Number of protein chains: 2
Amino acid sequence: MPQDAHKDRDGTTPAVLTDEELRALDAHWRAANYLAAGQIYLMANPLLTEPLTAGHIKPRLLGHWGTSPGLNLVYTHLNRVIKARGLNALAVWGPGHGGPSVLANSWLEGSYTGTYPDVTRDTEGMARLFRQFSFPGGVPSHVAPEVPGSIHEGGELGYSLAHAYGAALDNPDLLVACVIGDGEAETGPLAGSWHANKFLDPVHDGAVLPILHLNGYKIANPTVLARIPEPELDELLRGYGHDPIHVTGDDPVQIHRALAEAFDRALDRIAEFQRTAREERVTERPRWPVIVLRTPKGWTGPAEVDGEPVEGTWRSHQVPLAGVRENPEHLRQLEAWLRSYRPEELFDAEGRPTADVLACVPQGERRLGATPHANGGLLTRELPLPSLDRFAVPVDKPGAGMHEPTRVLGGYVEQVMRDTATRRDFRLVGPDETASNRLGAVFDASGKAWQAQTIQVDEHLDRHGRVMEVLSEHLCQGWLEGYLLTGRHGLFSCYEAFVHIVDSMVNQHVKWLKTSRELAWRAPVPSLNYLLTSHVWRQDHNGFSHQDPGFVDHVLNKSPEAVRVYLPPDANTLLSVTDHVLRTRDYVNVVVAGKQPCFDWLSLDQARAHCARGAGIWEWAGSADGDREPDVVLACAGDVPTQEVLAASGLLRRHLPELAVRVVNVVDMARLMPQGDHPHGMPDSEYDGLFTTDKPVIFAYHGYPWLIHRLAYRRTGHKNLHVRGYREMGTTTTPFDMVVRNDLDRYRLVMDVIDRVPGLGVRAAAVRQRMADVRSRHDAWIREHGTDLPEVAEWTWTG
Amino acid sequence: MPQDAHKDRDGTTPAVLTDEELRALDAHWRAANYLAAGQIYLMANPLLTEPLTAGHIKPRLLGHWGTSPGLNLVYTHLNRVIKARGLNALAVWGPGHGGPSVLANSWLEGSYTGTYPDVTRDTEGMARLFRQFSFPGGVPSHVAPEVPGSIHEGGELGYSLAHAYGAALDNPDLLVACVIGDGEAETGPLAGSWHANKFLDPVHDGAVLPILHLNGYKIANPTVLARIPEPELDELLRGYGHDPIHVTGDDPVQIHRALAEAFDRALDRIAEFQRTAREERVTERPRWPVIVLRTPKGWTGPAEVDGEPVEGTWRSHQVPLAGVRENPEHLRQLEAWLRSYRPEELFDAEGRPTADVLACVPQGERRLGATPHANGGLLTRELPLPSLDRFAVPVDKPGAGMHEPTRVLGGYVEQVMRDTATRRDFRLVGPDETASNRLGAVFDASGKAWQAQTIQVDEHLDRHGRVMEVLSEHLCQGWLEGYLLTGRHGLFSCYEAFVHIVDSMVNQHVKWLKTSRELAWRAPVPSLNYLLTSHVWRQDHNGFSHQDPGFVDHVLNKSPEAVRVYLPPDANTLLSVTDHVLRTRDYVNVVVAGKQPCFDWLSLDQARAHCARGAGIWEWAGSADGDREPDVVLACAGDVPTQEVLAASGLLRRHLPELAVRVVNVVDMARLMPQGDHPHGMPDSEYDGLFTTDKPVIFAYHGYPWLIHRLAYRRTGHKNLHVRGYREMGTTTTPFDMVVRNDLDRYRLVMDVIDRVPGLGVRAAAVRQRMADVRSRHDAWIREHGTDLPEVAEWTWTG
């Protein structure tokens with residue numbers, strides 16, 4: 001470890017720290033280190049008031065020590081600058097598996113006790129803090145939602161910087177400090193997040209201060225960024241648009257001085273960038289500072305264990321001394337390690353942190369564990385949502401008109417954007433697809449955030465814009481998560497297939513929400529709302545790689561209390577669903593809708609009523625009137641399946657008028673689930689009323705057909721359920737050919753009905769043959785003309 | 001667009017191109033541009049031998065023009081250097097949506113006709129080439145598997161560079177040219193892939209030449225890398241470890257000269273790096289060249305359309321003239337555009353490319369469309385797999401011993417690694433988890449690939465290693481895909497939860513395989529094999545964020561002919577399954593297995609027989625002997641559920657000995673699917689024989705319980721099927737508490753049996769109460785002691 005801790009200085013070192021300040025900072029750091037190690041090991045004897053014995057040691061040693069001393073150091077120094085400068089700060093701990101560290105610091109500053117009064121700031125509370133860590137029924141080992149001050153778990157690596165930027169957006173007075181581990185820095189999402197600084201508005205947004213912590217190792221390997229020459233690393237960081245400030249070493253005194261100086265320099269620069277942008281209207285993109293902190297992994301822990309080097313190596317990643325209960329030498333080493341922090345100087349006889357330890361700690365909501373930004377629901381204001389009447393399309397009779405649903409929605413989103421122009425608490429994010437997804441009207445209310453170069457031909461780029469477009473689904477998702485968890489609102493518009501890119505991120509967000517919902521002190525935050533369009537059935541340009549409807553399946557595997565899925569079949573239902581999801585809290589809402597011209601089936605009032613029920617009979621679309629039991633149910637979910645079902649219903653009405661057909665449309669997929677399995681699950685009585693218990697149900701579904709079985713397998717009528725959907729039969733072709741290839745087309749649905757309704761007789765067989773003939777004709781026609789059959793292209797619902 | 005095309009030169013410009021060469025290169029480029037545009041627009045009149053009319057135009061105008069001229073330029077110049085230097089080259093086209101371009105070039109060089117003889121290299125073939133593009137029944141719009149020379153689709157952006165590196169590994173004579181679009185460069189996975197150069201061995205691996213194509217725009221926005229100052233971009237690329245060579249401009253003559261010079265310089269440097277590493281044993285990490293090509297988007301296309309600038313802007317992304325069939329002015333512009341390439345100079349009267357056009361084209365397998373590396377199955381050799389006997393654990397009776405299955409597997413993988421030391425056609429990839437996943441034995445046969453700095457404390461780092469560890473699942477997946485598609489073998493070991501990070505990548509890979517399998521000319525490639533461990537039930541350290549078994553659900557949504565899922569319950573079954581999957585071709589195989597100590601249930605012979613069947617009755621584990629019909633079936637899949645089912649079976653045997661219990665274990669999940677839905681789906685007769693048609697089946701499953709219903713819903717006995725599995729009830733806790741929290745524990749399973757077997761009477765009710773009491777006792781005990789009940793911790797199968 002090189003000792004040159006003062007690299008990259010631009011002058012002489014100002015004596016920023018007095019000896020007293022230094023001593024107090026070190027005391028705080030030592031206290032946090034002591035408490036972090038204590039959580040990993042101790043069940044009892046928290047202050048080491050007696051000699052350590054195996055009986056004081058936890059039966060299962062869990063936790064991550066390696067990253068903890070570095071996190072403790074940053075927390076300590078953040079305390080100093082927050083207090084000295086009166087900062088409004090939030091910290092994102094990329095190495096969130098270093099739970100012991102953040103817990104230790106929030107206990108020291110009192111925010112932990114403020115949140116959990118039974119974990120008092122004294123010996124008894126310290127014992128609880130230790131015991132509960134990674135203990136069944138206690139608290140998890142990571143910086144989970146249970147941890148005050150956190151918006152980032154850090155178990156799945158890669159998203160810290162994106163979260164930090166999301167938190168900083170539209171929070172002009174907020175400093176977001178973001179510790180990035182050098183392991184995390186190897187992930188793609190983190191590597192792509194550095195460019196977020198091209199989207200941060202120094203006028204309306206706060207600042208992000210990345211702290212790249214090079215402790216040199218991952219679980220079992222050195223890290224790339226710690227093992228490239230420092231000049232190369234500097235080029236990389238400058239290439240990302242940052243100005244690096246290095247702090248390197250393993251001597252605490254030197255590091256305290258260097259880190260204090262680095263923070264002061266970084267914060268001075270940030271303040272100056274913000275001042276010139278805000279007061280002098282300077283528009284040059286700032287070269288924001290980044291602190292590169294190079295300290296040993298597992299610093300201050302055991303140097304060697306069993307003859308192997310541990311401090312400063314990957315061996316300190318988790319529990320450096322693993323055999324403490326069985327191995328007296330390990331026990332001895334642990335005691336020596338813990339006592340090396342001199343706990344008797346750090347805590348008084350009642351276990352309370354001493355004045356020295358607390359000297360750097362800020363007060364009240366300035367404390368990192370008490371900032372309301374990390375409990376964003378406290379700051380949430382209801383969105384000013386406009387009346388839908390202004391945006392709804394007129395529907396005198398079903399199917400008479402056509403609209404592009406997302407384009408209609410664009411007008412509504414434009415108004416939301418306009419009505420939040422001053423409040424600045426709503427953002428639209430997407431990977432370069434806002435216009436492609438036909439939401440372009442929004443640009444009349446806000447441009448696209450952009451701080452890089454602009455040229456004359458550009459459109460809608462805006463230094464102060466609230467539409468966020470970058471070709472990275474990860475960054476879009478990370479920004480939005482950070483924005484929502486700090487209490488604001490948003491919508492993510494995405495091509496349906498490529499939202500799988502963030503499958504794992506949404507997993508983590510749902511896990512966060514599930515846990516938060518169980519914590520009374522966490523105020524509900526606005527939901528994460530997806531608008532998935534350019535969907536599987538309409539990828540005429542792009543073909544197979546762009547065809548995947550499986551995100552719905554993925555999301556419906558997650559905690560039911562936190563997930564909702566909607567498939568509005570036309571423009572007005574899309575309006576109604578979107579209006580609803582923007583009002584909700586603590587959910588992940590997935591809305592799948594079309595951007596291509598689509599028949600308008602329901603008036604706004606009908607749409608509202610239908611969406612409120614989530615599933616219902618469309619009497620006008622079937623041939624079974626109110627009093628008559630249907631012979632067959634044609635069910636549909638999604639815009640394209642709905643059109644095919646209606647066309648099939650029309651064909652049946654014409655060719656087999658004696659057949660009583662009921663059409664059921666499902667908007668809210670969770671309604672199909674049993675009551676009790678999901679809050680929206682419908683009672684069996686309602687399900688049976690819609691779908692019958694004994695009649696064939698032909699269900700045309702937008703996605704993978706077996707999802708419907710997975711949702712409905714417990715229903716009485718399940719054995720009569722036959723589902724058509726997407727079966728990976730995709731390519732670049734026409735919309736109708738897509739449904740034919742997947743057996744979802746109207747003709748196939750009519751054949752399915754005839755195959756399943758008993759006793760239809762010979763005329764039905766002839767109709768079935770006729771349908772098969774049209775399908776053959778389609779095959780020949782499309783290969784010849786490259787277009788759909790005229791009767792399909794010109795089809796309209798004739799009621 | 002600045003005109004300084006000769007930036008970054010290190011001396012005077014050598015006259016690398018004669019005027020004749022330049023003219024020939026330009027002719028090839030113009031021909032490719034003509035053919036690319038022709039594919040987007042023309043149904044007939046391919047050589048413009050008559051005036052263009054609306055009747056010649058396709059009814060649906062699809063395709064991506066914007067990127068095509070740039071790809072054509074690179075293809076043209078690659079031809080030159082391949083021919084001049086006798087290179088063995090493969091190209092990865094990151095902007096793979098530029099399908100017309102790569103199709104055009106392979107048609108010009110004759111590799112397209114070689115692959116598809118009916119698309120001849122003459123007027124008739126050109127007409128077919130045009131017509132088939134994005135035409136129903138024709139070819140997709142992207143660089144799909146149908147395109148000769150391709151291993152990368154490029155519809156979902158982000159993976160080109162990782163694929164390129166994967167192809168280069170262990171191909172010392174191969175140059176992989178990789179065009180990276182500036183849109184793609186914004187994605188996280190691509191941003192993280194630049195560091196792959198720290199893992200490329202200049203001795204045993206080939207070279208990757210990235211060509212960053214800055215055409216300035218995505219679908220509707222400028223790109224970040226095109227809009228940061230060039231010095232900042234240079235810092236970024238140097239920070240990535242590259243040495244940039246710039247080619248900038250919009251004058252073809254100048255660009256041809258500059259690009260030829262840039263390729264020569266880059267290839268000279270690459271050759272020198274390889275020579276010094278191979279001949280002089282230089283170990284310094286090379287600063288590999290990168291070409292930065294800055295040319296206008298949609299270059300040579302319409303400058304303006306309807307008064308709006310198009311060439312050089314995002315408006316040229318797809319089809320620059322959209323109204324050609326209806327708008328005579330658009331038609332006139334299209335004709336002028338197409339004629340601007342002077343097709344009469346490029347093709348003879350029969351439509352054959354002229355000698356000038358073909359002057360730069362290499363011969364035979366040197367052609368980019370004909371390299372066997374892009375049809376890697378041609379190069380695949382069977383892996384030399386060792387006999388399993390040497391690695392199997394002895395099992396005299398079930399449950400007498402315990403092993404860590406992945407550690408046992410580690411010995412086997414070590415041997416595979418050893419036996420391929422010279423062949424170098426097997427790689428193990430993983431995100432820093434090889435040791436954590438207990439496969440560390442492999443390091444005795446190969447170290448970890450690493451070209452960055454090493455220090456004394458490091459272990460197993462090796463400039464020539466074939467274990468690839470980087471903390472990026474995206475990079476692991478991309479490397480392996482590139483490696484497999486070029487015909488080699490591999491295994492991806494990953495924490496189960498975090499494999500979701502590559503959900504979307506595996507989607508694309510399965511799509512690739514599905515399509516390849518339908519192409520007779522594509523030789524089968526080794527399967528993509530996942531070993532998912534550190535699974536949901538054993539995340540004692542990390543808790544909730546690390547608990548997700550949903551990848552199985554995700555994969556089973558994909559094309560059944562290409563996906564397989566295995567859950568071996570112990571060490572020997574893991575060996576047997578792994579031995580099998582390493583022999584397969586063209587699949588994605590998902591193997592989920594434990595790394596923690598696990599009872600050995602089956603001997604190797606039994607394991608082989610059981611895995612070959614994929615599901616079977618474990619007679620020894622139940623109480624229903626051969627002749628007796630069971631009263632209940634206890635089914636299991638996965639190591640932890642198997643243990644709980646066996647424990648439940650033991651409890652039932654003890655407490656309700658009169659109950660005939662059958663235990664069924666499932667290894668191959670697809671066997672549960674109906675025959676016809678998956679190649680492994682079992683006939684109903686076999687299913688009924690295992691599970692009965694009328695007895696209660698309590699199924700303990702490793703993952704989300706509804707997956708079993710989704711697979712088995714059509715079986716006769718489905719209504720009797722009751723599944724327990726993971727329900728997102730996770731945290732940091734003990735292994736047994738995890739199963740209790742999710743109602744998968746032995747006591748709950750016994751209660752389930754009692755609840756579902758009719759007529760068991762009062763004693764069973766007492767047993768049920770006893771089970772409930774143990775569960776309550778567990779709750780109290782664990783909160784007190786932090787460990788599992790002694791009777792659970794000490795449980796063994798007693799037969």
# chains A, B, ... in the order shown; residues from 1 in each chain; ligands from 1
>>> residues_around(residues="Val203 in chain B", least_positions_apart="3", cutoff="7 Å", atoms="only C-alpha atoms", output="number ranges by chain")
B: 172, 274, 277-278
>>> write_last_selection(atoms="N, CA and C atoms", output="short mmCIF file (atom, residue, chain, number, x, y, z; two decimals), in the first residue's frame")
data_model
loop_
_atom_site.label_atom_id
_atom_site.label_comp_id
_atom_site.auth_asym_id
_atom_site.auth_seq_id
_atom_site.Cartn_x
_atom_site.Cartn_y
_atom_site.Cartn_z
N PRO B 172 -5.76 -17.95 -31.10
CA PRO B 172 -4.63 -17.02 -31.17
C PRO B 172 -4.45 -16.36 -32.54
N GLN B 274 1.38 -9.01 -30.24
CA GLN B 274 1.32 -10.49 -30.22
C GLN B 274 2.72 -11.09 -30.39
N ALA B 277 4.72 -10.64 -27.15
CA ALA B 277 4.23 -11.52 -26.09
C ALA B 277 4.58 -12.97 -26.38
N ARG B 278 4.49 -13.36 -27.62
CA ARG B 278 4.67 -14.77 -27.96
C ARG B 278 6.14 -15.14 -28.17
#
>>> select_by_dssp(residues="range 496-630 of chain B", states="alpha helix (DSSP H)", output="ChimeraX atom specification")
/B:503-517,551-556,571-581,604-613
>>> write_last_selection(atoms="C-alpha atoms", output="short mmCIF file (atom, residue, chain, number, x, y, z; two decimals), in the first residue's frame")
data_model
loop_
_atom_site.label_atom_id
_atom_site.label_comp_id
_atom_site.auth_asym_id
_atom_site.auth_seq_id
_atom_site.Cartn_x
_atom_site.Cartn_y
_atom_site.Cartn_z
CA ASP B 503 -32.21 -12.80 -18.04
CA SER B 504 -32.37 -10.73 -21.13
CA MET B 505 -29.10 -12.04 -22.52
CA VAL B 506 -30.23 -15.62 -22.14
CA ASN B 507 -33.46 -14.69 -23.91
CA GLN B 508 -31.43 -13.58 -26.87
CA HIS B 509 -29.18 -16.61 -26.77
CA VAL B 510 -32.14 -19.00 -26.72
CA LYS B 511 -33.68 -17.10 -29.62
CA TRP B 512 -30.40 -17.48 -31.48
CA LEU B 513 -30.31 -21.22 -30.77
CA LYS B 514 -33.94 -21.75 -31.71
CA THR B 515 -33.38 -20.14 -35.07
CA SER B 516 -29.99 -21.80 -35.67
CA ARG B 517 -31.49 -25.20 -35.06
CA PHE B 551 -34.42 -18.13 -13.31
CA VAL B 552 -35.88 -21.59 -13.87
CA ASP B 553 -39.29 -20.03 -14.52
CA HIS B 554 -37.72 -17.54 -16.87
CA VAL B 555 -35.88 -20.16 -18.90
CA LEU B 556 -38.85 -22.52 -19.09
CA ALA B 571 -23.30 -34.97 -5.25
CA ASN B 572 -23.48 -37.99 -7.55
CA THR B 573 -26.55 -36.75 -9.36
CA LEU B 574 -24.79 -33.41 -9.88
CA LEU B 575 -21.86 -35.27 -11.42
CA SER B 576 -24.14 -37.24 -13.70
CA VAL B 577 -26.11 -34.20 -14.82
CA THR B 578 -22.99 -32.15 -15.48
CA ASP B 579 -21.41 -34.95 -17.46
CA HIS B 580 -24.56 -35.02 -19.55
CA VAL B 581 -24.96 -31.30 -20.19
CA LEU B 604 -23.12 -43.21 -8.95
CA ASP B 605 -24.89 -46.04 -10.72
CA GLN B 606 -28.16 -45.14 -9.08
CA ALA B 607 -27.56 -41.50 -9.89
CA ARG B 608 -26.92 -42.27 -13.54
CA ALA B 609 -30.07 -44.33 -13.82
CA HIS B 610 -32.14 -41.75 -11.95
CA CYS B 611 -30.84 -38.83 -14.01
CA ALA B 612 -31.38 -40.71 -17.23
CA ARG B 613 -35.04 -41.13 -16.28
#
>>> residues_around(residues="Val753 in chain A", least_positions_apart="6", cutoff="9 Å", atoms="only C-alpha atoms", output="PyMOL selection string")
chain A and resi 632-634+652+696-698
>>> residues_around(residues="range 435-444 of chain B", least_positions_apart="4", cutoff="8 Å", atoms="only C-alpha atoms", output="PyMOL selection string")
(chain A and resi 219-220) or (chain B and resi 406-407+409-411+413-415+417+448+460+467+493-495+533-534+595)
>>> atom_distance(atom1="CA of Gln132 in chain A", atom2="CA of Thr113 in chain A")
13.8 Å
>>> residues_around(residues="His535 in chain A", least_positions_apart="5", cutoff="9 Å", atoms="only C-alpha atoms", output="MDAnalysis selection string")
chainID A and resid 495:497 546:549 592:595
>>> write_last_selection(atoms="N, CA and C atoms", output="JSON list (two decimals), in the first residue's frame")
[["chain", "number", "residue", "atom", "x", "y", "z"],
["A", 495, "TYR", "N", -39.61, -0.45, -24.24],
["A", 495, "TYR", "CA", -39.99, -1.56, -25.10],
["A", 495, "TYR", "C", -40.24, -2.77, -24.21],
["A", 496, "GLU", "N", -41.29, -3.48, -24.49],
["A", 496, "GLU", "CA", -41.65, -4.61, -23.63],
["A", 496, "GLU", "C", -40.53, -5.64, -23.50],
["A", 497, "ALA", "N", -39.93, -6.01, -24.62],
["A", 497, "ALA", "CA", -38.95, -7.11, -24.57],
["A", 497, "ALA", "C", -37.75, -6.74, -23.71],
["A", 546, "HIS", "N", -36.92, -8.64, -30.53],
["A", 546, "HIS", "CA", -37.71, -7.64, -29.83],
["A", 546, "HIS", "C", -39.04, -8.19, -29.34],
["A", 547, "GLN", "N", -39.17, -9.53, -29.33],
["A", 547, "GLN", "CA", -40.47, -10.11, -28.99],
["A", 547, "GLN", "C", -40.35, -10.93, -27.72],
["A", 548, "ASP", "N", -40.81, -10.40, -26.63],
["A", 548, "ASP", "CA", -40.79, -11.13, -25.37],
["A", 548, "ASP", "C", -41.78, -10.51, -24.38],
["A", 549, "PRO", "N", -42.83, -11.24, -24.06],
["A", 549, "PRO", "CA", -43.83, -10.70, -23.12],
["A", 549, "PRO", "C", -43.65, -11.23, -21.70],
["A", 592, "VAL", "N", -49.05, -2.80, -19.70],
["A", 592, "VAL", "CA", -48.65, -3.18, -21.06],
["A", 592, "VAL", "C", -49.70, -2.64, -22.02],
["A", 593, "ALA", "N", -49.28, -1.82, -22.96],
["A", 593, "ALA", "CA", -50.25, -1.17, -23.85],
["A", 593, "ALA", "C", -49.64, -0.97, -25.22],
["A", 594, "GLY", "N", -50.50, -0.81, -26.20],
["A", 594, "GLY", "CA", -50.04, -0.66, -27.58],
["A", 594, "GLY", "C", -49.78, 0.78, -27.97],
["A", 595, "LYS", "N", -48.92, 0.92, -28.97],
["A", 595, "LYS", "CA", -48.68, 2.25, -29.52],
["A", 595, "LYS", "C", -49.23, 2.36, -30.94]]
>>> residues_around(residues="Thr223 in chain B", least_positions_apart="3", cutoff="9 Å", atoms="only C-alpha atoms", output="PDB file with N, CA and C atoms, in the first residue's frame")
ATOM      1  N   VAL A 470     -31.719   7.832 -21.965  1.00  0.00           N
ATOM      2  CA  VAL A 470     -30.353   7.347 -22.153  1.00  0.00           C
ATOM      3  C   VAL A 470     -30.498   5.890 -22.585  1.00  0.00           C
ATOM      4  N   LEU A 471     -29.604   5.439 -23.446  1.00  0.00           N
ATOM      5  CA  LEU A 471     -29.782   4.075 -23.958  1.00  0.00           C
ATOM      6  C   LEU A 471     -29.249   3.057 -22.945  1.00  0.00           C
TER       7      LEU A 471
ATOM      8  N   ASP B 182     -22.548   4.049 -31.103  1.00  0.00           N
ATOM      9  CA  ASP B 182     -22.477   4.960 -29.959  1.00  0.00           C
ATOM     10  C   ASP B 182     -23.757   4.921 -29.132  1.00  0.00           C
ATOM     11  N   GLY B 183     -24.830   4.383 -29.689  1.00  0.00           N
ATOM     12  CA  GLY B 183     -25.989   4.099 -28.851  1.00  0.00           C
ATOM     13  C   GLY B 183     -25.669   2.960 -27.892  1.00  0.00           C
ATOM     14  N   ALA B 185     -22.986   1.961 -26.882  1.00  0.00           N
ATOM     15  CA  ALA B 185     -21.934   2.310 -25.921  1.00  0.00           C
ATOM     16  C   ALA B 185     -22.498   2.906 -24.638  1.00  0.00           C
ATOM     17  N   GLU B 186     -23.752   3.367 -24.664  1.00  0.00           N
ATOM     18  CA  GLU B 186     -24.362   3.915 -23.440  1.00  0.00           C
ATOM     19  C   GLU B 186     -24.851   2.825 -22.493  1.00  0.00           C
ATOM     20  N   LEU B 214     -19.089   6.467 -34.070  1.00  0.00           N
ATOM     21  CA  LEU B 214     -19.850   7.615 -33.588  1.00  0.00           C
ATOM     22  C   LEU B 214     -20.594   8.216 -34.769  1.00  0.00           C
ATOM     23  N   ASN B 215     -21.816   7.706 -35.007  1.00  0.00           N
ATOM     24  CA  ASN B 215     -22.592   8.427 -36.037  1.00  0.00           C
ATOM     25  C   ASN B 215     -23.520   9.442 -35.373  1.00  0.00           C
ATOM     26  N   GLY B 216     -23.406   9.545 -34.084  1.00  0.00           N
ATOM     27  CA  GLY B 216     -23.952  10.719 -33.405  1.00  0.00           C
ATOM     28  C   GLY B 216     -25.337  10.593 -32.811  1.00  0.00           C
ATOM     29  N   TYR B 217     -26.110   9.600 -33.290  1.00  0.00           N
ATOM     30  CA  TYR B 217     -27.511   9.562 -32.863  1.00  0.00           C
ATOM     31  C   TYR B 217     -27.992   8.152 -32.588  1.00  0.00           C
ATOM     32  N   LYS B 218     -28.977   8.093 -31.671  1.00  0.00           N
ATOM     33  CA  LYS B 218     -29.709   6.863 -31.411  1.00  0.00           C
ATOM     34  C   LYS B 218     -31.015   6.949 -32.202  1.00  0.00           C
ATOM     35  N   ALA B 226     -20.677  10.863 -28.526  1.00  0.00           N
ATOM     36  CA  ALA B 226     -20.461  11.781 -29.655  1.00  0.00           C
ATOM     37  C   ALA B 226     -20.525  13.235 -29.213  1.00  0.00           C
ATOM     38  N   ARG B 227     -20.973  13.473 -28.007  1.00  0.00           N
ATOM     39  CA  ARG B 227     -21.192  14.852 -27.580  1.00  0.00           C
ATOM     40  C   ARG B 227     -20.353  15.239 -26.363  1.00  0.00           C
TER      41      ARG B 227
END
>>> atom_distance(atom1="CA of Val408 in chain A", atom2="CA of Arg538 in chain A")
17.7 Å
>>> residues_around(residues="range 701-718 of chain B", least_positions_apart="6", cutoff="7 Å", atoms="only C-alpha atoms", output="VMD selection string")
(chain A and resid 706 709 to 710) or (chain B and resid 549 to 550 553 636 to 638 641 672 to 673 684 692 to 694 724 to 727)
>>> write_last_selection(atoms="C-alpha atoms", output="CSV table (one decimal), in the first residue's frame")
chain,number,residue,atom,x,y,z
A,706,TRP,CA,-49.3,-20.9,-19.3
A,709,HIS,CA,-53.1,-21.5,-16.0
A,710,ARG,CA,-50.6,-20.6,-13.3
B,549,PRO,CA,-35.1,-19.1,-7.6
B,550,GLY,CA,-37.0,-17.6,-10.6
B,553,ASP,CA,-39.3,-20.0,-14.5
B,636,CYS,CA,-39.4,-33.3,-4.4
B,637,ALA,CA,-37.1,-31.4,-6.7
B,638,GLY,CA,-33.9,-29.8,-5.4
B,641,PRO,CA,-36.7,-30.0,-0.6
B,672,LEU,CA,-43.2,-32.9,-15.8
B,673,MET,CA,-44.5,-31.2,-18.9
B,684,ASP,CA,-49.4,-39.3,-19.3
B,692,THR,CA,-51.0,-41.7,-9.5
B,693,THR,CA,-54.2,-40.2,-10.9
B,694,ASP,CA,-56.1,-39.9,-7.7
B,724,ARG,CA,-44.8,-26.1,-1.4
B,725,GLY,CA,-41.9,-23.9,-2.4
B,726,TYR,CA,-40.3,-20.5,-2.0
B,727,ARG,CA,-42.7,-17.6,-1.4
